[in-house]
There are 2 protein chains.
Amino acid sequence: MGGDEAPLKIVEGGLQALREGRNRFELVFVGRKEEVESEILKFNPSGLNYSIEDAREVIGMEETPNVALKQKRDSSIVVGVNLHKERHVDAIVSAGNTGAFMAASTLLLGRLKGVGRPAVGTPLPTINDVCLLIDSGANSDSRPQHIVEFGVMGSIYAREILKKKNPTVGLLNIGEESSKGNEMAQAAYPLLERSSLNFIGNVEGRDIFAGKADVVLSDGFVGNIVLKFAESILPTLRSRFKNYATGSIVRSIRAAMAATTLKKVLKGFNYETQGGAPLLGVNGISIIGHGGSTALAVKNMVLRAEEMVNHNIARLIESSISKIEVRAS
Amino acid sequence: MGGDEAPLKIVEGGLQALREGRNRFELVFVGRKEEVESEILKFNPSGLNYSIEDAREVIGMEETPNVALKQKRDSSIVVGVNLHKERHVDAIVSAGNTGAFMAASTLLLGRLKGVGRPAVGTPLPTINDVCLLIDSGANSDSRPQHIVEFGVMGSIYAREILKKKNPTVGLLNIGEESSKGNEMAQAAYPLLERSSLNFIGNVEGRDIFAGKADVVLSDGFVGNIVLKFAESILPTLRSRFKNYATGSIVRSIRAAMAATTLKKVLKGFNYETQGGAPLLGVNGISIIGHGGSTALAVKNMVLRAEEMVNHNIARLIESSISKIEVRAS
């Protein structure tokens, strides 16, 4: 029931994932049964391996997470995360209220052993490929040792899911030298250097799109500001195109042609292709979708969740985190 | 002598500014006299109101600022800032080593009375106009009261130079509510609310390009990361276009046509039009240029410097800062 166009787009994307996945997994839709059912019937679902778990309440996109979680025990978010907690399902994805879904995942699933702070890893496009920005918003303040954890979790995701061999890890900072940055960055640098991560030093804002590091580390405050700024680039372009095209036929034709080319040029820059942002470090597989998720975005999230289950990401993180701790002590 | 194409582009842009300014100000070029002279002669300078101040040393773009400043007392940066300190000139602009130029400006000119931390204000394009991101890199760690100072300085610049009536001021954060963000942001919010600034609350990463606030406040760590990320957008587009166009004539024609339109669509998004980034809070007028400054960028910086002198920006800041202090105590 979460997301700007739920349940329609959620259902459509989910069924697409089932088709593409040839029924090798079962999909459980969580929400108001009759509403979900009626959307499903629009897409000729016969032979697809799905079921519906009834949840009568919906947490709105603008509701305060903690209040909503307490009051709406029968919301699709709470019911869905509990299904995962009890291992009736192996993973959960949601395009709903991000704060509520993050809080439900963290509180109900709990943290993996050794993980101090779960973190959101968001795949961002680069000139040639993709990188992972972690933490992109789970935490407001982080301590230097949390940044190392983010590095461990992000490296596993980059290796297993983004197919990066020995992923490079960079610390988001304002200069190359280890002495640069705020107190947190200065303290995190030597910890990263001593870790077993493939740490390549500091990376700057301009190095993100350039793809200098496969995993870009930051606290969730900086990461979330950068992420939301990045997400505003395509809408800004669209808005500029619209302004330019208005009031002249020649301009509107030029704009339409340029926009068509630009879409091809920027292939992969759209968040829809990226399969959502995993909340890494919780005891399970939880993927956060964009509020405006389209069917394509939902499909990719579901397939990504299956991949994370198959690669046993949570167990890999737990085992790597414990090794880091031994090394540090 | 500073900048990737110095002294050629500096001289070219400076002379363009003199032509456009119809000799209402005098321009002093600082650098190796014979080199500067020989560049000047390429541009038919007769009748233009310029002179050359000899400085034999050059601080490279990659040199460590503090070391370079100590060792190169006869560099164009040190000689130029000293000229301003002694009020032989009313303002100084440089496209050279940013760290060295900032440090020289802060140390030699000193701070305005009441200013704790000078800050860089960088004009960023928005969908319809421009906003000022301050601090975009002068300080790594800031205290909440410094953020208020940035607000005062940024508001004066936005009002006097960017022509914003009663400029709106937003705090860069990760959510709208006052309780959001890291400790620094949470502590700065009530101070901004109590100030005489036109504070509109928190703004998020996506609100920058949307133009939600005329002045966007952040500490220099976050601001610099956002700025450098923003600066990477156009080069990333260029690189993507190039990759797309390679290897197919049809594609290369399409890309060329789209790029032409895109330039018009993105008019104003290029830093060259923005007139550099003022270092506000120092006792003088100091404008930091992009290392890759073109003649157009240099011209706009020089004209912007003249405007800042005419509007008496430094004195306005000093007087406003003193009022804020009285109000806060």
# chains A, B, ... in the order shown; residues from 1 in each chain; ligands from 1
$ interface_residues --of "chain A" --to "chain B" --cutoff "7 Å" --atoms "only C-alpha atoms" --output "VMD selection string"
chain A and resid 127 140 to 141 173 to 174 181 to 182 204 to 206 209 221 to 222 224 to 226 228 to 229 231 to 232 236 240 to 241 244 254 to 255 257 to 258 261 265 to 266
$ write_last_selection --atoms "N, CA and C atoms" --output "mmCIF file, in the first residue's frame"
data_model
loop_
_atom_site.group_PDB
_atom_site.id
_atom_site.type_symbol
_atom_site.label_atom_id
_atom_site.label_comp_id
_atom_site.auth_asym_id
_atom_site.auth_seq_id
_atom_site.Cartn_x
_atom_site.Cartn_y
_atom_site.Cartn_z
ATOM 1 N N ILE A 127 29.730 7.578 -14.412
ATOM 2 C CA ILE A 127 29.916 7.759 -15.861
ATOM 3 C C ILE A 127 29.831 6.413 -16.582
ATOM 4 N N SER A 140 21.641 10.090 11.620
ATOM 5 C CA SER A 140 21.975 11.507 11.511
ATOM 6 C C SER A 140 23.388 11.791 11.991
ATOM 7 N N ASP A 141 23.769 11.146 13.068
ATOM 8 C CA ASP A 141 25.122 11.314 13.586
ATOM 9 C C ASP A 141 25.764 9.935 13.635
ATOM 10 N N ASN A 173 34.778 13.265 1.400
ATOM 11 C CA ASN A 173 35.474 14.295 2.160
ATOM 12 C C ASN A 173 35.687 15.517 1.265
ATOM 13 N N ILE A 174 36.410 16.526 1.793
ATOM 14 C CA ILE A 174 36.553 17.770 1.037
ATOM 15 C C ILE A 174 37.979 17.964 0.525
ATOM 16 N N GLY A 181 38.963 17.560 6.243
ATOM 17 C CA GLY A 181 37.603 17.236 6.647
ATOM 18 C C GLY A 181 37.257 17.586 8.074
ATOM 19 N N ASN A 182 36.054 17.230 8.452
ATOM 20 C CA ASN A 182 35.617 17.485 9.825
ATOM 21 C C ASN A 182 36.202 16.422 10.764
ATOM 22 N N GLU A 204 36.044 13.157 -3.244
ATOM 23 C CA GLU A 204 35.317 14.413 -3.118
ATOM 24 C C GLU A 204 33.977 14.326 -3.829
ATOM 25 N N GLY A 205 33.191 15.363 -3.686
ATOM 26 C CA GLY A 205 31.866 15.373 -4.300
ATOM 27 C C GLY A 205 31.912 15.083 -5.793
ATOM 28 N N ARG A 206 32.944 15.604 -6.457
ATOM 29 C CA ARG A 206 33.028 15.428 -7.910
ATOM 30 C C ARG A 206 33.414 14.010 -8.311
ATOM 31 N N PHE A 209 30.111 10.793 -9.284
ATOM 32 C CA PHE A 209 29.682 10.469 -10.651
ATOM 33 C C PHE A 209 30.853 9.970 -11.499
ATOM 34 N N PHE A 221 23.855 11.929 7.439
ATOM 35 C CA PHE A 221 23.443 13.317 7.249
ATOM 36 C C PHE A 221 23.943 13.813 5.894
ATOM 37 N N VAL A 222 25.244 13.716 5.702
ATOM 38 C CA VAL A 222 25.844 14.136 4.431
ATOM 39 C C VAL A 222 25.289 13.281 3.281
ATOM 40 N N ASN A 224 22.488 11.656 2.942
ATOM 41 C CA ASN A 224 21.103 11.915 2.574
ATOM 42 C C ASN A 224 20.959 13.231 1.807
ATOM 43 N N ILE A 225 21.758 14.236 2.203
ATOM 44 C CA ILE A 225 21.705 15.514 1.483
ATOM 45 C C ILE A 225 22.199 15.309 0.048
ATOM 46 N N VAL A 226 23.306 14.578 -0.093
ATOM 47 C CA VAL A 226 23.843 14.309 -1.432
ATOM 48 C C VAL A 226 22.841 13.496 -2.254
ATOM 49 N N LYS A 228 19.525 13.237 -1.999
ATOM 50 C CA LYS A 228 18.338 13.996 -2.413
ATOM 51 C C LYS A 228 18.705 15.049 -3.455
ATOM 52 N N PHE A 229 19.913 15.595 -3.322
ATOM 53 C CA PHE A 229 20.385 16.537 -4.339
ATOM 54 C C PHE A 229 20.529 15.804 -5.680
ATOM 55 N N GLU A 231 18.992 13.129 -6.637
ATOM 56 C CA GLU A 231 17.666 12.767 -7.151
ATOM 57 C C GLU A 231 16.952 13.950 -7.800
ATOM 58 N N SER A 232 17.398 15.153 -7.477
ATOM 59 C CA SER A 232 16.728 16.336 -8.031
ATOM 60 C C SER A 232 17.266 16.725 -9.399
ATOM 61 N N THR A 236 15.038 18.504 -12.322
ATOM 62 C CA THR A 236 15.455 19.862 -12.660
ATOM 63 C C THR A 236 15.639 19.993 -14.173
ATOM 64 N N ARG A 240 13.504 22.432 -16.617
ATOM 65 C CA ARG A 240 14.183 23.371 -17.505
ATOM 66 C C ARG A 240 13.757 23.171 -18.961
ATOM 67 N N PHE A 241 13.664 21.912 -19.366
ATOM 68 C CA PHE A 241 13.234 21.586 -20.732
ATOM 69 C C PHE A 241 11.836 22.145 -20.988
ATOM 70 N N TYR A 244 11.867 25.852 -21.376
ATOM 71 C CA TYR A 244 12.475 26.225 -22.654
ATOM 72 C C TYR A 244 11.486 26.027 -23.792
ATOM 73 N N ARG A 254 12.535 21.117 -30.903
ATOM 74 C CA ARG A 254 13.946 20.952 -30.518
ATOM 75 C C ARG A 254 14.067 20.253 -29.164
ATOM 76 N N ALA A 255 13.250 20.712 -28.224
ATOM 77 C CA ALA A 255 13.309 20.154 -26.868
ATOM 78 C C ALA A 255 12.926 18.680 -26.876
ATOM 79 N N MET A 257 13.159 16.528 -29.337
ATOM 80 C CA MET A 257 14.222 15.732 -29.958
ATOM 81 C C MET A 257 15.401 15.556 -29.006
ATOM 82 N N ALA A 258 15.777 16.663 -28.373
ATOM 83 C CA ALA A 258 16.916 16.605 -27.450
ATOM 84 C C ALA A 258 16.605 15.692 -26.267
ATOM 85 N N THR A 261 17.070 12.023 -27.167
ATOM 86 C CA THR A 261 18.490 11.656 -27.161
ATOM 87 C C THR A 261 19.021 11.595 -25.732
ATOM 88 N N VAL A 265 21.242 8.936 -23.652
ATOM 89 C CA VAL A 265 22.556 9.305 -23.104
ATOM 90 C C VAL A 265 22.616 8.989 -21.608
ATOM 91 N N LEU A 266 21.502 9.235 -20.937
ATOM 92 C CA LEU A 266 21.483 9.078 -19.480
ATOM 93 C C LEU A 266 20.929 7.729 -19.031
#
$ select_by_dssp --residues "stretch 57-168 of chain A" --states "helix (DSSP H, G or I)" --output "compact mmCIF listing (two decimals) with N, CA and C atoms, in the first residue's frame"
# COMPACT_ATOMS: atom_id res chain seq x y z
N PRO A 65 6.95 8.74 11.47
CA PRO A 65 7.21 7.31 11.56
C PRO A 65 6.88 6.66 12.89
N ASN A 66 7.46 7.18 13.97
CA ASN A 66 7.30 6.47 15.24
C ASN A 66 5.85 6.45 15.74
N VAL A 67 5.17 7.56 15.54
CA VAL A 67 3.75 7.63 15.93
C VAL A 67 2.95 6.64 15.10
N ALA A 68 3.17 6.65 13.79
CA ALA A 68 2.41 5.78 12.89
C ALA A 68 2.63 4.31 13.24
N LEU A 69 3.89 3.95 13.55
CA LEU A 69 4.19 2.55 13.85
C LEU A 69 3.47 2.07 15.10
N LYS A 70 3.39 2.96 16.09
CA LYS A 70 2.71 2.58 17.33
C LYS A 70 1.22 2.42 17.11
N GLN A 71 0.66 3.38 16.36
CA GLN A 71 -0.80 3.40 16.23
C GLN A 71 -1.32 2.41 15.20
N SER A 76 0.29 -2.15 6.35
CA SER A 76 1.03 -3.05 5.46
C SER A 76 2.52 -3.09 5.83
N ILE A 77 3.06 -1.97 6.29
CA ILE A 77 4.48 -1.97 6.67
C ILE A 77 4.73 -2.87 7.88
N VAL A 78 3.95 -2.68 8.94
CA VAL A 78 4.18 -3.48 10.16
C VAL A 78 3.88 -4.96 9.92
N VAL A 79 2.76 -5.22 9.26
CA VAL A 79 2.41 -6.63 8.98
C VAL A 79 3.47 -7.27 8.10
N GLY A 80 3.91 -6.55 7.08
CA GLY A 80 4.91 -7.09 6.16
C GLY A 80 6.24 -7.37 6.83
N VAL A 81 6.71 -6.42 7.63
CA VAL A 81 8.00 -6.62 8.30
C VAL A 81 7.89 -7.78 9.30
N ASN A 82 6.74 -7.89 9.97
CA ASN A 82 6.55 -9.01 10.89
C ASN A 82 6.54 -10.36 10.18
N LEU A 83 5.96 -10.38 8.97
CA LEU A 83 6.01 -11.62 8.17
C LEU A 83 7.45 -12.05 7.93
N HIS A 84 8.30 -11.05 7.66
CA HIS A 84 9.72 -11.33 7.43
C HIS A 84 10.40 -11.74 8.73
N LYS A 85 10.05 -11.03 9.80
CA LYS A 85 10.65 -11.34 11.10
C LYS A 85 10.39 -12.81 11.46
N THR A 98 9.35 6.10 4.05
CA THR A 98 10.72 5.61 4.25
C THR A 98 11.09 5.52 5.73
N GLY A 99 10.77 6.57 6.47
CA GLY A 99 11.12 6.59 7.89
C GLY A 99 10.44 5.45 8.64
N ALA A 100 9.15 5.23 8.34
CA ALA A 100 8.40 4.18 9.03
C ALA A 100 8.94 2.80 8.65
N PHE A 101 9.26 2.63 7.38
CA PHE A 101 9.76 1.33 6.94
C PHE A 101 11.15 1.05 7.51
N MET A 102 12.00 2.07 7.56
CA MET A 102 13.33 1.90 8.16
C MET A 102 13.21 1.57 9.63
N ALA A 103 12.35 2.32 10.33
CA ALA A 103 12.20 2.10 11.77
C ALA A 103 11.62 0.72 12.04
N ALA A 104 10.59 0.33 11.27
CA ALA A 104 9.99 -1.00 11.47
C ALA A 104 11.04 -2.09 11.21
N SER A 105 11.82 -1.93 10.15
CA SER A 105 12.84 -2.94 9.83
C SER A 105 13.87 -3.04 10.94
N THR A 106 14.33 -1.90 11.42
CA THR A 106 15.37 -1.90 12.45
C THR A 106 14.83 -2.46 13.77
N LEU A 107 13.64 -1.99 14.17
CA LEU A 107 13.10 -2.39 15.47
C LEU A 107 12.61 -3.83 15.47
N LEU A 108 11.89 -4.22 14.43
CA LEU A 108 11.29 -5.56 14.44
C LEU A 108 12.29 -6.65 14.06
N LEU A 109 13.09 -6.39 13.02
CA LEU A 109 14.06 -7.42 12.61
C LEU A 109 15.26 -7.46 13.54
N PRO A 144 33.10 7.38 14.13
CA PRO A 144 34.06 6.88 13.13
C PRO A 144 33.98 5.36 12.92
N GLN A 145 33.80 4.59 14.01
CA GLN A 145 33.76 3.13 13.83
C GLN A 145 32.52 2.68 13.04
N HIS A 146 31.45 3.49 13.08
CA HIS A 146 30.28 3.14 12.27
C HIS A 146 30.61 3.25 10.78
N ILE A 147 31.45 4.22 10.46
CA ILE A 147 31.83 4.40 9.05
C ILE A 147 32.56 3.15 8.54
N VAL A 148 33.37 2.55 9.41
CA VAL A 148 34.05 1.30 9.03
C VAL A 148 33.02 0.20 8.77
N GLU A 149 32.02 0.12 9.65
CA GLU A 149 30.93 -0.85 9.44
C GLU A 149 30.24 -0.62 8.10
N PHE A 150 29.97 0.64 7.80
CA PHE A 150 29.33 0.95 6.51
C PHE A 150 30.21 0.43 5.37
N GLY A 151 31.52 0.58 5.57
CA GLY A 151 32.46 0.11 4.54
C GLY A 151 32.39 -1.39 4.35
N VAL A 152 32.30 -2.12 5.45
CA VAL A 152 32.21 -3.58 5.38
C VAL A 152 30.91 -4.01 4.70
N MET A 153 29.81 -3.42 5.14
CA MET A 153 28.50 -3.80 4.58
C MET A 153 28.40 -3.39 3.11
N GLY A 154 28.87 -2.19 2.82
CA GLY A 154 28.81 -1.70 1.44
C GLY A 154 29.68 -2.53 0.50
N SER A 155 30.84 -2.95 0.99
CA SER A 155 31.75 -3.74 0.15
C SER A 155 31.13 -5.09 -0.20
N ILE A 156 30.45 -5.68 0.77
CA ILE A 156 29.80 -6.98 0.51
C ILE A 156 28.70 -6.81 -0.54
N TYR A 157 27.91 -5.75 -0.39
CA TYR A 157 26.84 -5.52 -1.36
C TYR A 157 27.42 -5.23 -2.75
N ALA A 158 28.48 -4.44 -2.78
CA ALA A 158 29.10 -4.08 -4.07
C ALA A 158 29.68 -5.31 -4.75
N ARG A 159 30.25 -6.19 -3.96
CA ARG A 159 30.88 -7.39 -4.53
C ARG A 159 29.83 -8.40 -4.99
N GLU A 160 28.87 -8.69 -4.10
CA GLU A 160 27.90 -9.76 -4.39
C GLU A 160 26.83 -9.33 -5.38
$ select_by_dssp --residues "stretch 97-154 of chain A" --states "strand (DSSP E)" --output "list in words"
Ala119, Val120, Gly121, Thr122, Pro123, Leu124, Pro125, Val130, Cys131, Leu132, Leu133 and Ile134 of chain A
$ residues_around --residues "stretch 115-120 of chain A" --least-positions-apart "2" --cutoff "6 Å" --atoms "only C-alpha atoms" --output "PyMOL selection string"
chain A and resi 112-113+134-136+138+278-282
$ write_last_selection --atoms "C-alpha atoms" --output "tab-separated table (two decimals), in the first residue's frame"
chain	number	residue	atom	x	y	z
A	112	LEU	CA	22.85	-8.35	12.92
A	113	LYS	CA	25.33	-9.41	15.57
A	134	ILE	CA	26.36	4.40	2.26
A	135	ASP	CA	24.95	5.67	4.64
A	136	SER	CA	22.44	7.64	2.64
A	138	ALA	CA	19.54	5.83	8.24
A	278	PRO	CA	18.98	-1.92	0.80
A	279	LEU	CA	18.93	-1.25	4.53
A	280	LEU	CA	22.10	-3.15	5.40
A	281	GLY	CA	22.87	-4.42	8.89
A	282	VAL	CA	19.37	-5.50	9.92
$ residues_around --residues "B:Asn49" --least-positions-apart "2" --cutoff "7 Å" --atoms "only C-alpha atoms" --output "list in words"
Asn23, Glu26, Leu27 and Gly47 of chain B
$ write_last_selection --atoms "C-alpha atoms" --output "PDB file, in the first residue's frame"
ATOM      1  CA  ASN B  23      37.249  52.347 -17.639  1.00  0.00           C
ATOM      2  CA  GLU B  26      41.351  50.467 -12.762  1.00  0.00           C
ATOM      3  CA  LEU B  27      42.489  46.879 -13.037  1.00  0.00           C
ATOM      4  CA  GLY B  47      43.058  53.126 -23.867  1.00  0.00           C
TER       5      GLY B  47
END
$ residues_around --residues "A:Arg315" --least-positions-apart "4" --cutoff "10 Å" --atoms "only C-alpha atoms" --output "list in words"
Leu112, Lys113, Gly281, Asn283, Gly284, Val309, His311, Ser319, Ser320 and Ile321 of chain A
$ closest_residue --among "A:Ile40, A:Ile324, A:Leu217, A:Leu15" --to "A:Ser195" --atoms "only C-alpha atoms"
A:Ile324
$ atom_distance --atom1 "atom CA of B:Ala277" --atom2 "atom CA of A:Lys212"
26.4 Å
$ decode --residues "stretch 112-125 of chain A" --atoms "C-alpha atoms" --output "tab-separated table (two decimals), in the first residue's frame"
chain	number	residue	atom	x	y	z
A	112	LEU	CA	22.85	-8.35	12.92
A	113	LYS	CA	25.33	-9.41	15.57
A	114	GLY	CA	28.21	-6.92	15.71
A	115	VAL	CA	26.45	-4.20	13.71
A	116	GLY	CA	26.17	-0.94	15.65
A	117	ARG	CA	24.16	0.98	13.08
A	118	PRO	CA	22.24	-0.36	10.10
A	119	ALA	CA	22.73	1.92	7.10
A	120	VAL	CA	21.06	2.61	3.78
A	121	GLY	CA	23.19	1.88	0.73
A	122	THR	CA	21.92	3.67	-2.35
A	123	PRO	CA	23.25	2.69	-5.78
A	124	LEU	CA	24.12	5.87	-7.69
A	125	PRO	CA	24.98	6.00	-11.37
